[in-house]
>>> print(open('run_21.tsv').read())   # TSV, C-alpha atoms and all ligand atoms
chain	number	residue	atom	x	y	z
M	279	MET	CA	3.48	-28.31	4.49
M	280	ASN	CA	6.42	-26.10	5.34
M	281	PRO	CA	5.10	-23.61	7.97
M	282	THR	CA	6.88	-20.72	6.23
M	283	LEU	CA	4.96	-21.43	3.05
M	284	THR	CA	1.65	-21.75	4.88
M	285	THR	CA	2.25	-18.33	6.38
M	286	MET	CA	3.04	-16.64	3.11
M	287	ILE	CA	0.68	-18.22	0.59
M	288	PRO	CA	-1.96	-15.80	-0.69
M	289	ARG	CA	-5.37	-16.60	0.68
M	290	THR	CA	-7.19	-16.88	-2.65
M	291	ILE	CA	-6.51	-19.63	-5.16
M	292	HIS	CA	-6.93	-18.51	-8.76
M	293	GLY	CA	-7.12	-20.31	-12.07
M	294	PRO	CA	-4.16	-19.68	-14.38
M	295	ASP	CA	-6.22	-17.79	-16.98
M	296	GLU	CA	-8.11	-15.62	-14.56
M	297	ILE	CA	-7.72	-11.88	-15.22
M	298	PHE	CA	-6.40	-10.24	-12.07
M	299	ILE	CA	-5.89	-6.66	-13.27
M	300	ASP	CA	-8.09	-5.19	-15.97
M	301	LEU	CA	-7.48	-1.64	-17.20
M	302	ARG	CA	-10.06	-0.45	-19.71
M	303	GLY	CA	-9.85	2.74	-21.74
M	304	LEU	CA	-7.94	4.69	-19.07
M	305	ARG	CA	-7.59	8.38	-19.78
M	306	LYS	CA	-5.84	10.80	-17.44
M	307	ARG	CA	-4.98	14.44	-17.93
M	308	PHE	CA	-2.98	16.73	-15.65
M	309	GLY	CA	-3.79	20.32	-16.63
M	310	SER	CA	-3.27	20.48	-20.37
M	311	GLN	CA	-1.10	17.34	-20.41
M	312	GLN	CA	-2.87	14.19	-21.61
M	313	VAL	CA	-0.75	11.56	-19.87
M	314	LEU	CA	-2.88	8.45	-20.45
M	315	ASP	CA	-4.89	8.43	-23.65
M	316	GLY	CA	-6.75	5.11	-23.68
M	317	ILE	CA	-4.84	2.39	-21.83
M	318	ASP	CA	-6.22	-1.13	-22.24
M	319	LEU	CA	-4.34	-3.88	-20.44
M	320	GLN	CA	-5.45	-7.21	-19.02
M	321	ILE	CA	-3.08	-9.06	-16.71
M	322	LYS	CA	-3.65	-12.67	-15.77
M	323	HIS	CA	-3.12	-14.05	-12.30
M	324	GLY	CA	0.52	-15.04	-11.77
M	325	GLU	CA	1.86	-13.06	-14.74
M	326	THR	CA	4.92	-10.82	-14.58
M	327	ILE	CA	4.31	-7.87	-16.89
M	328	CYS	CA	7.17	-5.49	-17.54
M	329	LEU	CA	5.99	-1.98	-18.28
M	330	ILE	CA	8.53	-0.10	-20.34
M	331	GLY	CA	8.65	3.20	-22.18
M	332	PRO	CA	10.46	6.54	-22.18
M	333	SER	CA	10.64	8.62	-19.02
M	334	GLY	CA	7.58	10.71	-18.28
M	335	GLU	CA	5.19	8.61	-20.41
M	336	GLY	CA	2.94	7.62	-17.50
M	337	LYS	CA	4.28	4.30	-16.18
M	338	THR	CA	4.11	5.35	-12.53
M	339	VAL	CA	0.77	7.07	-13.12
M	340	THR	CA	-0.61	3.82	-14.60
M	341	MET	CA	0.50	1.83	-11.54
M	342	LYS	CA	-1.01	4.39	-9.17
M	343	HIS	CA	-4.37	3.86	-10.90
M	344	VAL	CA	-4.23	0.16	-9.96
M	345	ILE	CA	-4.15	0.92	-6.23
M	346	GLY	CA	-6.52	3.86	-6.47
M	347	LEU	CA	-3.96	6.56	-5.62
M	348	ILE	CA	-4.97	8.27	-8.87
M	349	HIS	CA	-8.44	8.12	-10.40
M	350	PRO	CA	-8.95	8.10	-14.17
M	351	ASP	CA	-10.83	10.87	-15.98
M	352	GLU	CA	-12.33	8.13	-18.14
M	353	GLY	CA	-12.13	4.36	-18.16
M	354	ASP	CA	-12.20	1.64	-15.53
M	355	VAL	CA	-9.82	-0.21	-13.25
M	356	TYR	CA	-10.68	-3.69	-11.98
M	357	VAL	CA	-8.54	-5.65	-9.51
M	358	ALA	CA	-9.60	-9.21	-8.65
M	359	GLY	CA	-13.09	-8.28	-9.82
M	360	MET	CA	-13.25	-5.13	-7.64
M	361	HIS	CA	-14.17	-1.97	-9.54
M	362	VAL	CA	-11.39	0.16	-8.04
M	363	ASN	CA	-12.23	3.58	-9.47
M	364	VAL	CA	-15.74	3.62	-8.02
M	365	LEU	CA	-14.76	2.45	-4.53
M	366	LYS	CA	-14.85	4.91	-1.65
M	367	GLU	CA	-11.54	5.54	0.14
M	368	ARG	CA	-12.64	3.42	3.12
M	369	GLN	CA	-13.35	0.49	0.75
M	370	MET	CA	-9.85	0.70	-0.74
M	371	ALA	CA	-8.33	-1.33	2.11
M	372	ALA	CA	-9.52	-4.53	0.39
M	373	VAL	CA	-7.65	-3.58	-2.79
M	374	ARG	CA	-4.52	-2.43	-0.97
M	375	GLN	CA	-4.39	-5.69	0.92
M	376	LYS	CA	-4.29	-7.61	-2.35
M	377	VAL	CA	-1.94	-5.24	-4.14
M	378	SER	CA	1.24	-3.67	-2.75
M	379	MET	CA	3.29	-1.06	-4.52
M	380	LEU	CA	7.04	-0.85	-4.17
M	381	PHE	CA	7.63	2.83	-4.87
M	382	GLN	CA	10.57	4.27	-6.77
M	383	GLY	CA	13.23	4.54	-4.02
M	384	ALA	CA	11.76	1.87	-1.64
M	385	ALA	CA	10.28	4.46	0.78
M	386	LEU	CA	11.35	2.91	4.10
M	387	PHE	CA	10.98	4.61	7.47
M	388	ASP	CA	14.52	5.58	8.48
M	389	TYR	CA	13.68	5.58	12.20
M	390	LEU	CA	12.51	1.95	12.13
M	391	THR	CA	14.68	-1.16	11.82
M	392	VAL	CA	14.32	-3.57	8.91
M	393	GLU	CA	12.17	-5.79	11.11
M	394	GLU	CA	9.95	-2.91	12.22
M	395	ASN	CA	9.60	-1.61	8.66
M	396	VAL	CA	8.46	-5.03	7.46
M	397	ALA	CA	6.06	-5.46	10.40
M	398	PHE	CA	4.48	-2.07	9.72
M	399	PRO	CA	1.55	-3.19	7.51
M	400	LEU	CA	0.54	-5.85	10.06
M	401	LEU	CA	0.67	-3.42	13.00
M	402	GLU	CA	-1.18	-0.78	11.00
M	403	ARG	CA	-3.92	-3.34	10.39
M	404	GLY	CA	-4.16	-3.94	14.13
M	405	LEU	CA	-2.53	-7.36	14.43
M	406	LYS	CA	-1.55	-7.53	18.10
M	407	ASP	CA	-0.22	-11.07	18.54
M	408	LYS	CA	3.50	-10.30	18.88
M	409	ALA	CA	4.61	-13.89	18.27
M	410	GLU	CA	2.53	-14.08	15.09
M	411	VAL	CA	3.93	-10.75	13.86
M	412	LYS	CA	7.48	-11.90	14.56
M	413	ARG	CA	6.92	-15.23	12.80
M	414	ARG	CA	5.52	-13.58	9.69
M	415	VAL	CA	8.21	-10.88	9.60
M	416	MET	CA	10.97	-13.48	9.81
M	417	ALA	CA	9.33	-15.58	7.07
M	418	ALA	CA	9.13	-12.53	4.80
M	419	LEU	CA	12.74	-11.54	5.56
M	420	GLU	CA	13.90	-15.08	4.92
M	421	ALA	CA	12.15	-15.00	1.53
M	422	VAL	CA	14.34	-12.06	0.49
M	423	ASP	CA	17.49	-13.35	2.26
M	424	LEU	CA	17.51	-10.59	4.84
M	425	ASP	CA	16.77	-12.56	8.02
M	426	GLU	CA	20.26	-11.86	9.33
M	427	HIS	CA	19.85	-8.10	8.90
M	428	ALA	CA	16.55	-7.66	10.75
M	429	HIS	CA	18.04	-5.38	13.42
M	430	LYS	CA	19.63	-2.86	11.02
M	431	TYR	CA	18.35	0.61	10.21
M	432	PRO	CA	17.81	1.63	6.55
M	433	THR	CA	20.77	4.04	6.59
M	434	ASN	CA	23.03	1.03	7.19
M	435	LEU	CA	21.69	-1.01	4.26
M	436	SER	CA	22.88	-1.14	0.68
M	437	GLY	CA	20.52	0.08	-2.05
M	438	GLY	CA	19.66	-3.50	-2.99
M	439	MET	CA	18.95	-4.47	0.62
M	440	LYS	CA	16.61	-1.49	0.96
M	441	LYS	CA	14.71	-2.66	-2.10
M	442	ARG	CA	14.53	-6.22	-0.73
M	443	THR	CA	13.20	-4.84	2.56
M	444	GLY	CA	10.50	-3.13	0.47
M	445	ILE	CA	9.67	-6.46	-1.19
M	446	ALA	CA	9.44	-8.19	2.22
M	447	ARG	CA	7.08	-5.46	3.39
M	448	ALA	CA	5.00	-5.92	0.25
M	449	ILE	CA	4.56	-9.69	0.77
M	450	ILE	CA	4.14	-9.64	4.56
M	451	ASP	CA	0.42	-9.06	4.35
M	452	ARG	CA	0.00	-11.86	1.81
M	453	SER	CA	-0.35	-9.54	-1.14
M	454	GLU	CA	-1.39	-11.34	-4.27
M	455	CYS	CA	0.09	-8.70	-6.49
M	456	ILE	CA	3.16	-6.48	-6.28
M	457	LEU	CA	3.72	-3.37	-8.37
M	458	TYR	CA	7.45	-2.71	-8.61
M	459	ASP	CA	8.40	0.80	-9.72
M	460	GLU	CA	11.97	0.64	-11.04
M	461	PRO	CA	13.20	-1.93	-8.51
M	462	ASN	CA	16.63	-2.19	-10.19
M	463	SER	CA	17.39	1.51	-10.52
M	464	GLY	CA	20.64	2.61	-8.93
M	465	LEU	CA	21.89	-0.95	-8.44
M	466	ASP	CA	25.02	-2.51	-9.90
M	467	PRO	CA	24.47	-5.50	-12.26
M	468	ILE	CA	24.77	-8.04	-9.45
M	469	GLY	CA	22.43	-6.16	-7.12
M	470	SER	CA	20.04	-5.81	-10.02
M	471	ASP	CA	20.22	-9.53	-10.76
M	472	ILE	CA	19.42	-10.34	-7.11
M	473	ILE	CA	16.27	-8.18	-7.30
M	474	ASP	CA	15.26	-10.00	-10.50
M	475	GLN	CA	15.69	-13.30	-8.68
M	476	MET	CA	13.53	-12.03	-5.82
M	477	ILE	CA	10.77	-10.99	-8.23
M	478	GLN	CA	10.90	-14.45	-9.83
M	479	ARG	CA	10.95	-16.10	-6.41
M	480	MET	CA	7.82	-14.22	-5.31
M	481	GLN	CA	6.09	-15.42	-8.46
M	482	LYS	CA	7.20	-19.05	-8.17
M	483	ARG	CA	6.76	-19.50	-4.43
M	484	TYR	CA	3.64	-17.49	-3.81
M	485	GLY	CA	2.08	-17.12	-7.27
M	486	VAL	CA	2.36	-13.34	-7.00
M	487	THR	CA	1.13	-11.32	-9.99
M	488	SER	CA	3.59	-8.54	-10.82
M	489	ILE	CA	3.86	-5.36	-12.82
M	490	VAL	CA	7.47	-4.27	-13.05
M	491	VAL	CA	8.38	-0.85	-14.39
M	492	THR	CA	11.96	-0.99	-15.54
M	493	HIS	CA	14.42	0.66	-17.90
M	494	ASP	CA	16.72	-2.37	-17.69
M	495	MET	CA	16.18	-4.42	-20.86
M	496	ARG	CA	18.27	-7.32	-19.54
M	497	SER	CA	15.88	-7.61	-16.67
M	498	VAL	CA	12.87	-7.44	-19.03
M	499	PHE	CA	14.11	-10.39	-21.07
M	500	LYS	CA	14.82	-12.34	-17.91
M	501	ILE	CA	11.67	-11.93	-15.86
M	502	ALA	CA	8.75	-10.87	-18.09
M	503	THR	CA	5.99	-13.20	-19.17
M	504	ARG	CA	4.77	-10.27	-21.30
M	505	VAL	CA	5.96	-6.77	-22.00
M	506	ALA	CA	3.85	-3.65	-22.42
M	507	MET	CA	5.42	-0.53	-23.92
M	508	LEU	CA	3.79	2.77	-23.12
M	509	TYR	CA	4.15	5.56	-25.63
M	510	ARG	CA	2.17	8.77	-26.05
M	511	GLY	CA	-0.47	7.67	-23.58
M	512	LYS	CA	-1.21	4.31	-25.20
M	513	ILE	CA	0.04	0.74	-25.05
M	514	HIS	CA	2.16	0.88	-28.17
M	515	PHE	CA	3.34	-2.74	-27.93
M	516	LEU	CA	2.11	-5.77	-25.99
M	517	GLY	CA	3.63	-9.20	-26.34
M	518	THR	CA	6.10	-11.76	-25.07
M	519	PRO	CA	9.79	-10.88	-24.68
M	520	GLU	CA	10.42	-12.95	-27.81
M	521	GLU	CA	7.84	-10.93	-29.76
M	522	LEU	CA	9.42	-7.74	-28.40
M	523	ARG	CA	12.86	-8.79	-29.58
M	524	ASN	CA	11.54	-9.65	-33.06
M	525	SER	CA	9.14	-6.73	-33.41
M	526	PRO	CA	9.46	-4.96	-36.78
M	527	ASP	CA	8.27	-1.72	-35.15
M	528	LYS	CA	10.99	0.94	-35.40
M	529	LEU	CA	9.94	2.67	-32.18
M	530	VAL	CA	10.19	-0.61	-30.26
M	531	GLN	CA	13.58	-1.45	-31.75
M	532	ASP	CA	14.92	2.06	-31.10
M	533	PHE	CA	13.74	1.86	-27.50
M	534	ILE	CA	15.08	-1.58	-26.65
M	535	ASN	CA	18.39	-0.84	-28.33
M	536	GLY	CA	18.73	2.54	-26.62
M	537	ARG	CA	18.59	4.69	-29.74
M	538	SER	CA	17.61	8.16	-28.65
M	539	ASP	CA	15.29	9.32	-31.45
M	540	VAL	CA	12.43	7.44	-29.75
M	541	THR	CA	11.62	10.49	-27.62
M	542	CYS	CA	11.72	13.02	-30.49
W	601	LIG	N1	0.03	14.37	-9.58
W	601	LIG	C1	0.49	14.85	-10.75
W	601	LIG	N2	0.21	16.13	-11.10
W	601	LIG	C2	0.62	16.64	-12.26
W	601	LIG	N3	1.37	15.96	-13.16
W	601	LIG	C3	1.69	14.69	-12.85
W	601	LIG	C4	1.27	14.08	-11.63
W	601	LIG	N4	1.74	12.81	-11.60
W	601	LIG	C5	2.42	12.66	-12.75
W	601	LIG	N5	2.38	13.77	-13.51
W	601	LIG	C6	2.99	13.94	-14.83
W	601	LIG	O1	2.60	12.86	-15.63
W	601	LIG	C7	3.66	12.47	-16.51
W	601	LIG	C8	3.94	10.99	-16.34
W	601	LIG	O2	4.53	10.78	-15.07
W	601	LIG	P1	5.03	9.37	-14.58
W	601	LIG	O3	5.60	9.59	-13.22
W	601	LIG	O4	3.95	8.36	-14.71
W	601	LIG	O5	6.18	9.05	-15.64
W	601	LIG	P2	7.03	7.71	-15.79
W	601	LIG	O6	6.68	7.09	-17.10
W	601	LIG	O7	6.87	6.88	-14.56
W	601	LIG	O8	8.51	8.31	-15.90
W	601	LIG	P3	9.92	7.78	-15.26
W	601	LIG	O9	10.37	6.66	-16.15
W	601	LIG	O10	10.81	8.99	-15.38
W	601	LIG	O11	9.66	7.39	-13.84
W	601	LIG	C9	4.84	13.37	-16.16
W	601	LIG	O12	4.89	14.42	-17.08
W	601	LIG	C10	4.50	13.89	-14.77
W	601	LIG	O13	5.04	15.17	-14.55
W	602	MG	MG	8.09	6.50	-12.93
>>> encode(input="run_21.tsv", output="structure tokens", more="lines below")
Ligand SMILES: Nc1ncnc2c1ncn2[C@@H]1O[C@H](COP(=O)(O)OP(=O)(O)OP(=O)(O)O)[C@@H](O)[C@H]1O
Ligand SMILES: [Mg+2]
Amino acid sequence: MNPTLTTMIPRTIHGPDEIFIDLRGLRKRFGSQQVLDGIDLQIKHGETICLIGPSGEGKTVTMKHVIGLIHPDEGDVYVAGMHVNVLKERQMAAVRQKVSMLFQGAALFDYLTVEENVAFPLLERGLKDKAEVKRRVMAALEAVDLDEHAHKYPTNLSGGMKKRTGIARAIIDRSECILYDEPNSGLDPIGSDIIDQMIQRMQKRYGVTSIVVTHDMRSVFKIATRVAMLYRGKIHFLGTPEELRNSPDKLVQDFINGRSDVTC
């Protein structure tokens, strides 16, 4: 087998119908604001779910529940069978090794090069074999077509390259799942298309399960296996892109066609 692939393949092999992320009855309130009001969502291994919905409806908050950065007031979060919301902080490492989150804005360290940024999770985990780190960093950078830019600092990268560096950092530790929070925002249509291709490549090459928060409907129809629309704290719509397109629901049609009364 190609050594690059051996390096990057997730360590667990899953059946196609296995549920990887299971959100059950999630409720979350901040002060008097009920942000999540009963979220139920099951995501199978290898799926690419696009999470859509108006700004401020709780898309980022939902993703943060998956990696235990936010705990629900009610309900349960399971990732690969692990009951995330009852784990102690020191037990969260097992979840965070399986699931990486690409935050809104990529969140790179400006004082580290691309190569050092991507190596960060391995070094943080105590991997000391320099040759092994280098080999895995280059494989991850190659997967996002950035191997020729390893020496650059984030300030000298385009917005799309920064986001691809974030993707390389997410897959470096063999994550089985990547949560992408608005990976296309701020990119021109071509840059955005490249990110979509990367998301698809991660799925096809490494069987990565993905949740992609996006406001870009073109991207939704291109990459999603299913789409979940969040509205008023609940999953208002769940279905394939085809079902989304043909949905008779006025709220769904207003949202996907950019008609503004959806937020009224
Ligand atoms: N830690 C927090 N404390 C208080 N309120 C919060 C916190 N995190 C999120 N919120 C609130 O929860 C709501 C949902 O936020 P969230 O970031 O999930 O929205 P979103 O759907 O991702 O929006 P956007 O599309 O603009 O990114 C917002 O009103 C936000 O202010
Ligand atoms: Mg958000």
>>> closest_residue(input="run_21.tsv", among="M:Ile501, M:Ile534, M:Ile330, M:Ala448", to="ligand LIG 601 (chain W)", atoms="all atoms listed in the file")
M:Ile330
>>> residues_near_ligand(input="run_21.tsv", ligand="ligand LIG 601 (chain W)", cutoff="6 Å", atoms="only C-alpha atoms and all ligand atoms", output="ChimeraX atom specification")
/M:308,313,333-339
>>> atom_distance(input="run_21.tsv", atom1="CA of Gly346 in chain M", atom2="CA of Val530 in chain M")
29.4 Å
>>> residues_around(input="run_21.tsv", residues="range 366-380 of chain M", least_positions_apart="5", cutoff="12 Å", atoms="all atoms listed in the file", output="ChimeraX atom specification")
/M:288-290,298-299,323,338,340-349,355-361,385-386,399-400,402-403,440-462,477,486-491
>>> closest_residue(input="run_21.tsv", among="M:Leu508, M:Val396, M:Pro432, M:Lys306", to="ligand MG 602 (chain W)", atoms="only C-alpha atoms and all ligand atoms")
M:Leu508
>>> residues_around(input="run_21.tsv", residues="Ala502 in chain M", least_positions_apart="2", cutoff="6 Å", atoms="only C-alpha atoms", output="number ranges by chain")
M: 326-328, 498, 504
>>> residues_around(input="run_21.tsv", residues="Ser463 in chain M", least_positions_apart="4", cutoff="9 Å", atoms="only C-alpha atoms", output="JSON, numbers by chain")
{"M": [382, 383, 470, 492, 493, 494]}
>>> residues_around(input="run_21.tsv", residues="Thr433 in chain M", least_positions_apart="4", cutoff="10 Å", atoms="only C-alpha atoms", output="VMD selection string")
chain M and resid 386 to 389 391 437 440
>>> write_last_selection(input="run_21.tsv", atoms="C-alpha atoms", output="PDB file, keeping the file's coordinate frame")
ATOM      1  CA  LEU M 386      11.350   2.910   4.100  1.00  0.00           C
ATOM      2  CA  PHE M 387      10.980   4.610   7.470  1.00  0.00           C
ATOM      3  CA  ASP M 388      14.520   5.580   8.480  1.00  0.00           C
ATOM      4  CA  TYR M 389      13.680   5.580  12.200  1.00  0.00           C
ATOM      5  CA  THR M 391      14.680  -1.160  11.820  1.00  0.00           C
ATOM      6  CA  GLY M 437      20.520   0.080  -2.050  1.00  0.00           C
ATOM      7  CA  LYS M 440      16.610  -1.490   0.960  1.00  0.00           C
TER       8      LYS M 440
END
>>> closest_residue(input="run_21.tsv", among="M:Leu301, M:Met480, M:Leu329, M:Leu319", to="ligand MG 602 (chain W)", atoms="all atoms listed in the file")
M:Leu329
>>> closest_residue(input="run_21.tsv", among="M:Gln481, M:Gln311, M:Gly331, M:Asp474", to="ligand MG 602 (chain W)", atoms="all atoms listed in the file")
M:Gly331
>>> atom_distance(input="run_21.tsv", atom1="CA of Lys500 in chain M", atom2="CA of Asn535 in chain M")
15.9 Å
>>> closest_residue(input="run_21.tsv", among="M:Ser310, M:Pro350, M:Arg496, M:Phe381", to="ligand MG 602 (chain W)", atoms="only C-alpha atoms and all ligand atoms")
M:Phe381
>>> closest_residue(input="run_21.tsv", among="M:Pro332, M:Leu522, M:Gly464, M:Met507", to="ligand MG 602 (chain W)", atoms="all atoms listed in the file")
M:Pro332
>>> atom_distance(input="run_21.tsv", atom1="CA of Met439 in chain M", atom2="CA of Met495 in chain M")
21.7 Å
>>> residues_around(input="run_21.tsv", residues="range 424-427 of chain M", least_positions_apart="3", cutoff="9 Å", atoms="only C-alpha atoms", output="PyMOL selection string")
chain M and resi 392-393+415-421+430-431+435+439+442-443+446
